[in-house]
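S.K.: Input: one structure, supplied below.
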Amino acid sequence: LATAPLFESTLPRALRRGLAVLLVAYGAVDLALYWGPRHGDRPRWRDAFAFVWEQRGRDDLVFGMAWPVGEYYFAPGSSQMRVPRSLARLSAYHANALAQWPRRGRREWFVVNQEDLLAWERADRERLTRMLAEQCRLVRTFNVSATPRQLDLEVYLRE
């Protein structure tokens, strides 16, 4: 459909064919990037939560920004993904809850997307990023390249 106007044009035949080939090549490259390094233009939640699942201890607490997604990967048989049982919510609405957990003496994992942090109130975002920088270590990064959005995920551990 995108090339149809080229064939009804008064442009020379060789130029029309060349433009059609360029359009098809662009679409093919875009699809290859989409299914390849861009990971469907989505953060790699499955990979990040699978990594945490394999590395965590039995009593470790996991905070996830996309906690319903994490709940799905942690408890695939659950029918209530919006009621977290396997991990804790890491969201702008629950930013103050982070302060209570260090007193419990459990290791904590954080699955963070920097782009999602932009929706947080500035003070809450700064508090979280300061805590991650000062009290946690970056364990793994799950990159999504060749996309204009910041879809990379970072996994932090606080011992």
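We label chains A, B, ... in the order they appear in the structure tokens, count residues from 1 in each chain, and number ligands from 1 in the order shown.
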Using DSSP secondary structure from the backbone, list all strand (DSSP E or B) positions within range 19-146 of chain A, as a PyMOL selection string.
M.R.: chain A and resi 61-64+88-89+108-113+137-142
S.K.: Could you dump the residues just selected with all heavy atoms as a short mmCIF file (atom, residue, chain, number, x, y, z; two decimals), in the first residue's frame?
M.R.:
data_model
loop_
_atom_site.label_atom_id
_atom_site.label_comp_id
_atom_site.auth_asym_id
_atom_site.auth_seq_id
_atom_site.Cartn_x
_atom_site.Cartn_y
_atom_site.Cartn_z
N LEU A 61 13.24 -9.91 49.59
CA LEU A 61 12.10 -9.11 49.16
C LEU A 61 12.41 -8.52 47.79
O LEU A 61 13.51 -8.03 47.56
CB LEU A 61 11.83 -7.99 50.17
CG LEU A 61 10.65 -7.07 49.88
CD1 LEU A 61 9.35 -7.86 49.85
CD2 LEU A 61 10.59 -5.98 50.93
N VAL A 62 11.47 -8.57 46.89
CA VAL A 62 11.66 -8.06 45.54
C VAL A 62 10.69 -6.91 45.30
O VAL A 62 9.48 -7.07 45.48
CB VAL A 62 11.44 -9.17 44.49
CG1 VAL A 62 11.63 -8.62 43.08
CG2 VAL A 62 12.36 -10.35 44.74
N PHE A 63 11.23 -5.76 44.90
CA PHE A 63 10.43 -4.61 44.51
C PHE A 63 10.46 -4.51 43.00
O PHE A 63 11.54 -4.57 42.39
CB PHE A 63 11.01 -3.31 45.09
CG PHE A 63 10.84 -3.17 46.57
CD1 PHE A 63 11.84 -3.61 47.42
CD2 PHE A 63 9.71 -2.61 47.09
CE1 PHE A 63 11.71 -3.47 48.79
CE2 PHE A 63 9.56 -2.47 48.47
CZ PHE A 63 10.57 -2.91 49.32
N GLY A 64 9.31 -4.34 42.37
CA GLY A 64 9.27 -4.23 40.92
C GLY A 64 8.44 -3.07 40.47
O GLY A 64 7.36 -2.82 41.01
N ALA A 88 6.91 -6.78 46.00
CA ALA A 88 6.33 -5.53 46.51
C ALA A 88 6.27 -4.50 45.39
O ALA A 88 7.10 -4.49 44.50
CB ALA A 88 7.16 -5.01 47.68
N ARG A 89 5.30 -3.64 45.49
CA ARG A 89 5.11 -2.60 44.48
C ARG A 89 6.20 -1.54 44.61
O ARG A 89 6.48 -1.06 45.70
CB ARG A 89 3.77 -1.93 44.67
CG ARG A 89 2.63 -2.86 44.50
CD ARG A 89 1.33 -2.18 44.89
NE ARG A 89 0.23 -3.09 44.70
CZ ARG A 89 -0.94 -2.98 45.29
NH1 ARG A 89 -1.16 -1.98 46.12
NH2 ARG A 89 -1.89 -3.85 45.06
N GLU A 108 17.06 -7.06 49.69
CA GLU A 108 16.04 -6.46 48.84
C GLU A 108 16.55 -6.32 47.41
O GLU A 108 17.68 -5.88 47.19
CB GLU A 108 15.64 -5.08 49.37
CG GLU A 108 15.06 -5.12 50.74
CD GLU A 108 14.94 -3.75 51.37
OE1 GLU A 108 15.47 -2.78 50.79
OE2 GLU A 108 14.35 -3.65 52.44
N TRP A 109 15.72 -6.70 46.47
CA TRP A 109 16.00 -6.55 45.04
C TRP A 109 15.09 -5.46 44.49
O TRP A 109 13.92 -5.37 44.88
CB TRP A 109 15.69 -7.85 44.31
CG TRP A 109 16.57 -8.99 44.72
CD1 TRP A 109 16.38 -9.84 45.77
CD2 TRP A 109 17.77 -9.41 44.09
NE1 TRP A 109 17.38 -10.76 45.83
CE2 TRP A 109 18.26 -10.53 44.80
CE3 TRP A 109 18.49 -8.96 42.98
CZ2 TRP A 109 19.42 -11.19 44.44
CZ3 TRP A 109 19.65 -9.63 42.62
CH2 TRP A 109 20.10 -10.72 43.35
N PHE A 110 15.62 -4.66 43.59
CA PHE A 110 14.85 -3.60 42.95
C PHE A 110 14.99 -3.73 41.44
O PHE A 110 16.10 -3.73 40.92
CB PHE A 110 15.37 -2.22 43.38
CG PHE A 110 15.26 -1.97 44.86
CD1 PHE A 110 16.29 -2.33 45.71
CD2 PHE A 110 14.13 -1.39 45.39
CE1 PHE A 110 16.20 -2.11 47.07
CE2 PHE A 110 14.02 -1.17 46.74
CZ PHE A 110 15.06 -1.53 47.59
N VAL A 111 13.86 -3.84 40.76
CA VAL A 111 13.85 -3.88 39.29
C VAL A 111 13.30 -2.52 38.85
O VAL A 111 12.14 -2.20 39.08
CB VAL A 111 12.98 -5.03 38.76
CG1 VAL A 111 13.00 -5.05 37.24
CG2 VAL A 111 13.46 -6.37 39.32
N VAL A 112 14.19 -1.72 38.22
CA VAL A 112 13.91 -0.31 37.98
C VAL A 112 14.03 0.03 36.50
O VAL A 112 14.97 -0.41 35.83
CB VAL A 112 14.91 0.57 38.78
CG1 VAL A 112 14.69 2.04 38.52
CG2 VAL A 112 14.83 0.26 40.26
N ASN A 113 13.08 0.82 36.04
CA ASN A 113 13.15 1.42 34.70
C ASN A 113 13.24 2.93 34.90
O ASN A 113 12.33 3.53 35.48
CB ASN A 113 11.91 1.05 33.88
CG ASN A 113 11.89 1.75 32.54
OD1 ASN A 113 11.44 2.89 32.45
ND2 ASN A 113 12.35 1.09 31.51
N ARG A 137 23.81 -2.06 45.20
CA ARG A 137 24.76 -2.23 44.11
C ARG A 137 23.99 -2.69 42.88
O ARG A 137 23.04 -3.47 42.98
CB ARG A 137 25.88 -3.19 44.46
CG ARG A 137 25.49 -4.62 44.64
CD ARG A 137 26.72 -5.47 45.03
NE ARG A 137 26.31 -6.75 45.53
CZ ARG A 137 26.18 -7.84 44.78
NH1 ARG A 137 26.48 -7.79 43.50
NH2 ARG A 137 25.78 -8.98 45.30
N LEU A 138 24.41 -2.16 41.76
CA LEU A 138 23.80 -2.54 40.49
C LEU A 138 24.30 -3.93 40.13
O LEU A 138 25.50 -4.13 39.97
CB LEU A 138 24.16 -1.54 39.39
CG LEU A 138 23.63 -1.82 38.00
CD1 LEU A 138 22.11 -1.79 37.99
CD2 LEU A 138 24.18 -0.80 37.02
N VAL A 139 23.40 -4.88 40.06
CA VAL A 139 23.76 -6.27 39.81
C VAL A 139 23.74 -6.59 38.32
O VAL A 139 24.62 -7.29 37.81
CB VAL A 139 22.81 -7.22 40.57
CG1 VAL A 139 23.16 -8.66 40.32
CG2 VAL A 139 22.83 -6.92 42.05
N ARG A 140 22.76 -6.06 37.62
CA ARG A 140 22.62 -6.40 36.21
C ARG A 140 21.77 -5.35 35.51
O ARG A 140 20.89 -4.75 36.12
CB ARG A 140 21.94 -7.77 36.09
CG ARG A 140 21.71 -8.30 34.72
CD ARG A 140 22.76 -9.35 34.36
NE ARG A 140 22.59 -9.76 32.98
CZ ARG A 140 22.06 -10.92 32.60
NH1 ARG A 140 21.68 -11.80 33.49
NH2 ARG A 140 21.94 -11.20 31.33
N THR A 141 22.08 -5.14 34.24
CA THR A 141 21.31 -4.24 33.39
C THR A 141 20.78 -5.03 32.20
O THR A 141 21.52 -5.82 31.61
CB THR A 141 22.17 -3.07 32.90
OG1 THR A 141 22.69 -2.38 34.03
CG2 THR A 141 21.37 -2.09 32.07
N PHE A 142 19.53 -4.81 31.85
CA PHE A 142 18.91 -5.45 30.69
C PHE A 142 18.61 -4.34 29.68
O PHE A 142 17.65 -3.60 29.83
CB PHE A 142 17.64 -6.19 31.10
CG PHE A 142 17.93 -7.35 32.00
CD1 PHE A 142 17.96 -7.19 33.37
CD2 PHE A 142 18.19 -8.61 31.47
CE1 PHE A 142 18.25 -8.26 34.21
CE2 PHE A 142 18.48 -9.68 32.29
CZ PHE A 142 18.51 -9.50 33.66
#
S.K.: Report as a VMD selection string all protein, DNA and RNA residues lying within 12 Å of range 37-43 of chain A, evaluated on only C-alpha atoms, omitting residues in the same chain fewer than 3 positions from it.
M.R.: chain A and resid 29 to 34 46 to 49 65 to 66 69 111 to 116 141 to 154
S.K.: Skip Arg17 in chain A itself and residues of its chain fewer than 5 positions away, then list as a PyMOL selection string all residues within 12 Å of it, counting only C-alpha atoms.
M.R.: chain A and resi 3-9+11-12+22-24
S.K.: Find the spatial neighbours of Gln135 in chain A, counting only C-alpha atoms, within a cut-off of 12 Å - ignore same-chain residues fewer than 2 positions away - and output them as a ChimeraX atom specification.
M.R.: /A:102,107-110,127-133,137-138,156-159
S.K.: Store the residues picked out above, limited to C-alpha atoms, as an mmCIF file, in the first residue's frame.
M.R.:
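Contents of out_16.cif, freshly written:
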data_model
loop_
_atom_site.group_PDB
_atom_site.id
_atom_site.type_symbol
_atom_site.label_atom_id
_atom_site.label_comp_id
_atom_site.auth_asym_id
_atom_site.auth_seq_id
_atom_site.Cartn_x
_atom_site.Cartn_y
_atom_site.Cartn_z
ATOM 1 C CA PRO A 102 15.383 -1.971 55.778
ATOM 2 C CA ARG A 107 17.892 -8.587 51.356
ATOM 3 C CA GLU A 108 16.039 -6.464 48.837
ATOM 4 C CA TRP A 109 15.998 -6.547 45.045
ATOM 5 C CA PHE A 110 14.854 -3.596 42.954
ATOM 6 C CA ARG A 127 15.120 9.766 47.403
ATOM 7 C CA LEU A 128 14.922 6.468 45.517
ATOM 8 C CA THR A 129 17.854 7.182 43.199
ATOM 9 C CA ARG A 130 19.971 8.321 46.165
ATOM 10 C CA MET A 131 19.111 5.148 48.082
ATOM 11 C CA LEU A 132 19.952 2.991 45.048
ATOM 12 C CA ALA A 133 23.280 4.777 44.569
ATOM 13 C CA ARG A 137 24.763 -2.232 44.108
ATOM 14 C CA LEU A 138 23.799 -2.541 40.488
ATOM 15 C CA TYR A 156 19.798 -3.500 42.228
ATOM 16 C CA LEU A 157 20.495 -5.442 45.401
ATOM 17 C CA ARG A 158 20.526 -4.064 48.947
ATOM 18 C CA GLU A 159 22.116 -6.522 51.375
#
S.K.: When DSSP is applied to the backbone of this structure, which of range 3-158 of chain A are assigned alpha helix (DSSP H)? Write them out as a ChimeraX atom specification.
M.R.: /A:4-7,13-35,45-55,67-74,114-117,122-135
